[in-house]
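Following: one structure in structure tokens, then a few remarks.
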Amino acid sequence: MKLKSIHESLDRDLQDPEYVALYLNDALHYGSPKEFYLALRNVILATQGMSQVATETELGRESLYKALSESGNPEFSNVQKILSTLGLQISIERVSSKVVDRVF
């Protein structure tokens, strides 16, 4: 049996919209912002492709690659456009009163 690369397995898994939502939520909640942006790039490349997302979001393809690179720092509004194009959105939920007490 030939072993598949992790990228092949991930690309296959990212065809499932439910898996995509879990994958991005995990990257957002447990990773750094940069890890989230890289996960978002993985989703785009495995599903619609950078050119299609660039067209639908009216952002440049090269700008998307740069924004979602390891050194990228996309604007929040662009992240929202990308997620919307993928049929996703960000939501906020309360985690605990201890966290709220420390913030204020």
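By convention in this document, the chains of the structure tokens carry letters A, B, ... by their order, each chain's residues are numbered from 1, and ligands are numbered from 1 in the order they are shown.
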Given only C-alpha atoms, how would the per-residue table for segment 59-89 of chain A near segment 42-52 of chain A read, listing every residue at most 10 Å away with its closest atom pair and distance in Å to one decimal, sorted by chain and number, as CSV?
residue,atom,partner,partner_atom,distance
A:Leu59,CA,A:Ser51,CA,9.5
A:Gly60,CA,A:Ser51,CA,8.3
A:Arg61,CA,A:Ser51,CA,5.7
A:Glu62,CA,A:Met50,CA,8.7
A:Leu64,CA,A:Met50,CA,7.3
A:Tyr65,CA,A:Met50,CA,7.6
A:Leu68,CA,A:Asn42,CA,9.3
A:Ile82,CA,A:Ile44,CA,8.8
A:Leu83,CA,A:Ile44,CA,9.6
A:Thr85,CA,A:Gln48,CA,9.4
A:Leu86,CA,A:Ile44,CA,7.9
Mind writing the picked residues with N, CA, C and O atoms as a compact mmCIF listing (two decimals), in the first residue's frame?
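part-v2.txt, freshly written:
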# COMPACT_ATOMS: atom_id res chain seq x y z
N LEU A 59 -10.25 40.96 -4.55
CA LEU A 59 -8.90 41.17 -4.05
C LEU A 59 -7.93 40.57 -5.05
O LEU A 59 -8.26 39.61 -5.73
N GLY A 60 -6.76 41.11 -5.17
CA GLY A 60 -5.77 40.57 -6.09
C GLY A 60 -5.27 39.21 -5.66
O GLY A 60 -5.10 38.95 -4.47
N ARG A 61 -5.04 38.33 -6.63
CA ARG A 61 -4.56 36.98 -6.32
C ARG A 61 -3.23 37.03 -5.59
O ARG A 61 -3.03 36.36 -4.58
N GLU A 62 -2.31 37.86 -6.08
CA GLU A 62 -1.01 37.97 -5.42
C GLU A 62 -1.15 38.55 -4.02
O GLU A 62 -0.43 38.16 -3.10
N LEU A 64 -3.71 38.10 -2.06
CA LEU A 64 -4.21 37.01 -1.21
C LEU A 64 -3.08 36.09 -0.78
O LEU A 64 -2.99 35.72 0.39
N TYR A 65 -2.23 35.71 -1.74
CA TYR A 65 -1.10 34.86 -1.39
C TYR A 65 -0.24 35.52 -0.32
O TYR A 65 0.18 34.89 0.65
N LEU A 68 -2.03 35.75 3.16
CA LEU A 68 -2.20 34.45 3.81
C LEU A 68 -0.91 33.65 3.87
O LEU A 68 -0.93 32.44 4.02
N ILE A 82 -13.20 36.73 2.51
CA ILE A 82 -12.74 35.38 2.14
C ILE A 82 -13.65 34.33 2.74
O ILE A 82 -14.10 33.40 2.05
N LEU A 83 -13.93 34.45 4.03
CA LEU A 83 -14.80 33.48 4.70
C LEU A 83 -16.20 33.46 4.07
O LEU A 83 -16.77 32.40 3.86
N THR A 85 -16.96 34.16 1.01
CA THR A 85 -16.83 33.47 -0.27
C THR A 85 -16.83 31.96 -0.09
O THR A 85 -17.34 31.22 -0.93
N LEU A 86 -16.27 31.51 1.02
CA LEU A 86 -16.23 30.07 1.32
C LEU A 86 -17.51 29.57 1.99
O LEU A 86 -17.62 28.40 2.32
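Look at Asn25 of chain A: the protein and nucleic acid residues within 10 Å of it, using only C-alpha atoms and passing over chain neighbours fewer than 3 places away, are Tyr19, Val20, Ala21, Leu22, Leu28, His29, Tyr30, Gly31, Phe36, Ala39, Ile90 and Ser91 of chain A.
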A straight line from atom CA of Thr57 of chain A to atom CA of Ile6 of chain A spans 28.8 Å
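Among A:Asp11, A:Glu70, A:Glu75, A:Glu93, the residue with the shortest atom-to-atom distance to Ser32 of chain A, counting only C-alpha atoms, is A:Glu70.
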Within chain A, find each residue whose DSSP state, derived from the backbone, is helix (DSSP H, G or I), and express the selection as a short mmCIF file (atom, residue, chain, number, x, y, z; two decimals) with N, CA and C atoms, in the first residue's frame.
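Contents of part.cif, freshly written:
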data_model
loop_
_atom_site.label_atom_id
_atom_site.label_comp_id
_atom_site.auth_asym_id
_atom_site.auth_seq_id
_atom_site.Cartn_x
_atom_site.Cartn_y
_atom_site.Cartn_z
N ILE A 6 0.64 13.90 3.79
CA ILE A 6 -0.32 14.58 4.65
C ILE A 6 -1.11 15.62 3.86
N HIS A 7 -0.46 16.21 2.85
CA HIS A 7 -1.15 17.21 2.03
C HIS A 7 -2.28 16.58 1.21
N GLU A 8 -2.06 15.40 0.70
CA GLU A 8 -3.12 14.70 -0.04
C GLU A 8 -4.29 14.39 0.87
N SER A 9 -3.99 13.92 2.07
CA SER A 9 -5.06 13.60 3.02
C SER A 9 -5.81 14.85 3.44
N LEU A 10 -5.06 15.92 3.71
CA LEU A 10 -5.70 17.17 4.12
C LEU A 10 -6.56 17.73 2.99
N ASP A 11 -6.04 17.71 1.77
CA ASP A 11 -6.82 18.20 0.62
C ASP A 11 -8.13 17.43 0.48
N ARG A 12 -8.08 16.12 0.68
CA ARG A 12 -9.29 15.30 0.58
C ARG A 12 -10.26 15.65 1.71
N ASP A 13 -9.73 15.79 2.92
CA ASP A 13 -10.58 16.13 4.07
C ASP A 13 -11.22 17.50 3.91
N PRO A 17 -17.37 20.37 3.80
CA PRO A 17 -17.62 21.67 4.45
C PRO A 17 -17.64 21.61 5.98
N GLU A 18 -18.13 20.52 6.55
CA GLU A 18 -18.14 20.39 8.01
C GLU A 18 -16.71 20.29 8.55
N TYR A 19 -15.88 19.55 7.84
CA TYR A 19 -14.48 19.42 8.25
C TYR A 19 -13.78 20.77 8.15
N VAL A 20 -14.07 21.52 7.09
CA VAL A 20 -13.47 22.85 6.91
C VAL A 20 -13.80 23.74 8.10
N ALA A 21 -15.06 23.74 8.52
CA ALA A 21 -15.46 24.57 9.66
C ALA A 21 -14.71 24.16 10.93
N LEU A 22 -14.61 22.87 11.18
CA LEU A 22 -13.88 22.38 12.36
C LEU A 22 -12.39 22.72 12.28
N TYR A 23 -11.81 22.54 11.11
CA TYR A 23 -10.39 22.81 10.87
C TYR A 23 -10.07 24.28 11.14
N LEU A 24 -10.88 25.18 10.58
CA LEU A 24 -10.64 26.61 10.77
C LEU A 24 -10.93 27.05 12.20
N ASN A 25 -11.97 26.49 12.82
CA ASN A 25 -12.25 26.81 14.22
C ASN A 25 -11.10 26.39 15.13
N ASP A 26 -10.56 25.21 14.90
CA ASP A 26 -9.42 24.76 15.70
C ASP A 26 -8.22 25.67 15.50
N ALA A 27 -7.95 26.05 14.26
CA ALA A 27 -6.83 26.94 13.98
C ALA A 27 -7.03 28.30 14.65
N LEU A 28 -8.26 28.77 14.66
CA LEU A 28 -8.57 30.07 15.26
C LEU A 28 -8.48 30.02 16.79
N HIS A 29 -9.02 28.97 17.39
CA HIS A 29 -9.08 28.88 18.85
C HIS A 29 -7.78 28.41 19.49
N TYR A 30 -7.05 27.53 18.83
CA TYR A 30 -5.88 26.92 19.47
C TYR A 30 -4.55 27.34 18.84
N PRO A 33 -2.71 33.72 15.19
CA PRO A 33 -3.33 34.30 13.99
C PRO A 33 -2.67 33.81 12.71
N LYS A 34 -1.35 33.72 12.72
CA LYS A 34 -0.64 33.25 11.51
C LYS A 34 -1.04 31.83 11.15
N GLU A 35 -1.23 30.98 12.17
CA GLU A 35 -1.65 29.60 11.90
C GLU A 35 -3.06 29.59 11.31
N PHE A 36 -3.92 30.49 11.78
CA PHE A 36 -5.26 30.59 11.21
C PHE A 36 -5.18 31.01 9.75
N TYR A 37 -4.36 32.00 9.44
CA TYR A 37 -4.24 32.47 8.05
C TYR A 37 -3.70 31.37 7.14
N LEU A 38 -2.74 30.59 7.64
CA LEU A 38 -2.21 29.48 6.84
C LEU A 38 -3.28 28.40 6.64
N ALA A 39 -4.07 28.14 7.66
CA ALA A 39 -5.16 27.17 7.53
C ALA A 39 -6.18 27.66 6.51
N LEU A 40 -6.47 28.95 6.54
CA LEU A 40 -7.40 29.54 5.58
C LEU A 40 -6.85 29.41 4.16
N ARG A 41 -5.57 29.62 4.00
CA ARG A 41 -4.93 29.44 2.69
C ARG A 41 -5.06 27.98 2.24
N ASN A 42 -4.85 27.03 3.15
CA ASN A 42 -4.98 25.62 2.80
C ASN A 42 -6.39 25.31 2.31
N VAL A 43 -7.39 25.87 2.97
CA VAL A 43 -8.78 25.65 2.57
C VAL A 43 -9.02 26.20 1.16
N ILE A 44 -8.56 27.40 0.92
CA ILE A 44 -8.75 28.01 -0.40
C ILE A 44 -8.10 27.17 -1.48
N LEU A 45 -6.86 26.76 -1.27
CA LEU A 45 -6.14 25.99 -2.29
C LEU A 45 -6.77 24.62 -2.52
N ALA A 46 -7.34 24.02 -1.48
CA ALA A 46 -7.94 22.69 -1.61
C ALA A 46 -9.35 22.74 -2.19
N MET A 50 -7.04 29.98 -5.41
CA MET A 50 -6.76 31.38 -5.10
C MET A 50 -7.34 32.33 -6.15
N SER A 51 -7.29 31.96 -7.42
CA SER A 51 -7.80 32.85 -8.48
C SER A 51 -9.29 33.09 -8.35
N GLN A 52 -10.04 32.03 -8.09
CA GLN A 52 -11.50 32.17 -7.96
C GLN A 52 -11.86 33.01 -6.74
N VAL A 53 -11.20 32.77 -5.62
CA VAL A 53 -11.48 33.54 -4.41
C VAL A 53 -11.09 35.00 -4.61
N ALA A 54 -9.97 35.24 -5.29
CA ALA A 54 -9.55 36.62 -5.58
C ALA A 54 -10.61 37.33 -6.41
N THR A 55 -11.14 36.66 -7.40
CA THR A 55 -12.18 37.25 -8.25
C THR A 55 -13.44 37.54 -7.45
N GLU A 56 -13.88 36.57 -6.66
CA GLU A 56 -15.13 36.73 -5.91
C GLU A 56 -15.03 37.77 -4.79
N THR A 57 -13.83 37.95 -4.23
CA THR A 57 -13.65 38.92 -3.15
C THR A 57 -13.20 40.28 -3.67
N ARG A 61 -5.04 38.33 -6.63
CA ARG A 61 -4.56 36.98 -6.32
C ARG A 61 -3.23 37.03 -5.59
N GLU A 62 -2.31 37.86 -6.08
CA GLU A 62 -1.01 37.97 -5.42
C GLU A 62 -1.15 38.55 -4.02
N SER A 63 -2.10 39.48 -3.86
CA SER A 63 -2.34 40.06 -2.53
C SER A 63 -2.86 39.00 -1.56
N LEU A 64 -3.71 38.10 -2.06
CA LEU A 64 -4.21 37.01 -1.21
C LEU A 64 -3.08 36.09 -0.78
N TYR A 65 -2.23 35.71 -1.74
CA TYR A 65 -1.10 34.86 -1.39
C TYR A 65 -0.24 35.52 -0.32
N LYS A 66 0.04 36.80 -0.50
CA LYS A 66 0.88 37.53 0.46
C LYS A 66 0.20 37.64 1.82
N ALA A 67 -1.10 38.00 1.82
CA ALA A 67 -1.83 38.17 3.07
C ALA A 67 -1.93 36.87 3.85
N PHE A 76 -8.94 42.55 8.73
CA PHE A 76 -10.08 41.76 9.19
C PHE A 76 -11.19 41.75 8.14
N SER A 77 -11.42 42.89 7.49
CA SER A 77 -12.47 42.95 6.47
C SER A 77 -12.17 42.00 5.31
N ASN A 78 -10.90 41.80 4.99
CA ASN A 78 -10.55 40.86 3.93
C ASN A 78 -10.76 39.42 4.37
N VAL A 79 -10.47 39.14 5.63
CA VAL A 79 -10.73 37.80 6.17
C VAL A 79 -12.22 37.51 6.10
N GLN A 80 -13.04 38.50 6.46
CA GLN A 80 -14.49 38.33 6.38
C GLN A 80 -14.94 38.07 4.94
N LYS A 81 -14.39 38.79 3.98
CA LYS A 81 -14.74 38.57 2.57
C LYS A 81 -14.38 37.16 2.13
N ILE A 82 -13.20 36.73 2.51
CA ILE A 82 -12.74 35.38 2.14
C ILE A 82 -13.65 34.33 2.74
N LEU A 83 -13.93 34.45 4.03
CA LEU A 83 -14.80 33.48 4.70
C LEU A 83 -16.20 33.46 4.07
N SER A 84 -16.71 34.63 3.75
CA SER A 84 -18.02 34.71 3.11
C SER A 84 -18.02 33.98 1.77
N THR A 85 -16.96 34.16 1.01
CA THR A 85 -16.83 33.47 -0.27
C THR A 85 -16.83 31.96 -0.09
N SER A 97 -16.70 33.43 32.95
CA SER A 97 -16.70 34.72 33.64
C SER A 97 -15.31 35.11 34.11
N LYS A 98 -14.43 34.13 34.35
CA LYS A 98 -13.07 34.42 34.79
C LYS A 98 -12.32 35.23 33.74
N VAL A 99 -12.50 34.88 32.48
CA VAL A 99 -11.84 35.60 31.40
C VAL A 99 -12.39 37.02 31.32
N VAL A 100 -13.69 37.17 31.43
CA VAL A 100 -14.32 38.48 31.37
C VAL A 100 -13.83 39.35 32.51
N ASP A 101 -13.73 38.79 33.73
CA ASP A 101 -13.27 39.56 34.87
C ASP A 101 -11.85 40.08 34.67
N ARG A 102 -10.99 39.29 34.05
CA ARG A 102 -9.62 39.72 33.82
C ARG A 102 -9.53 40.81 32.76
N VAL A 103 -10.41 40.80 31.79
CA VAL A 103 -10.39 41.78 30.72
C VAL A 103 -10.78 43.15 31.24
#
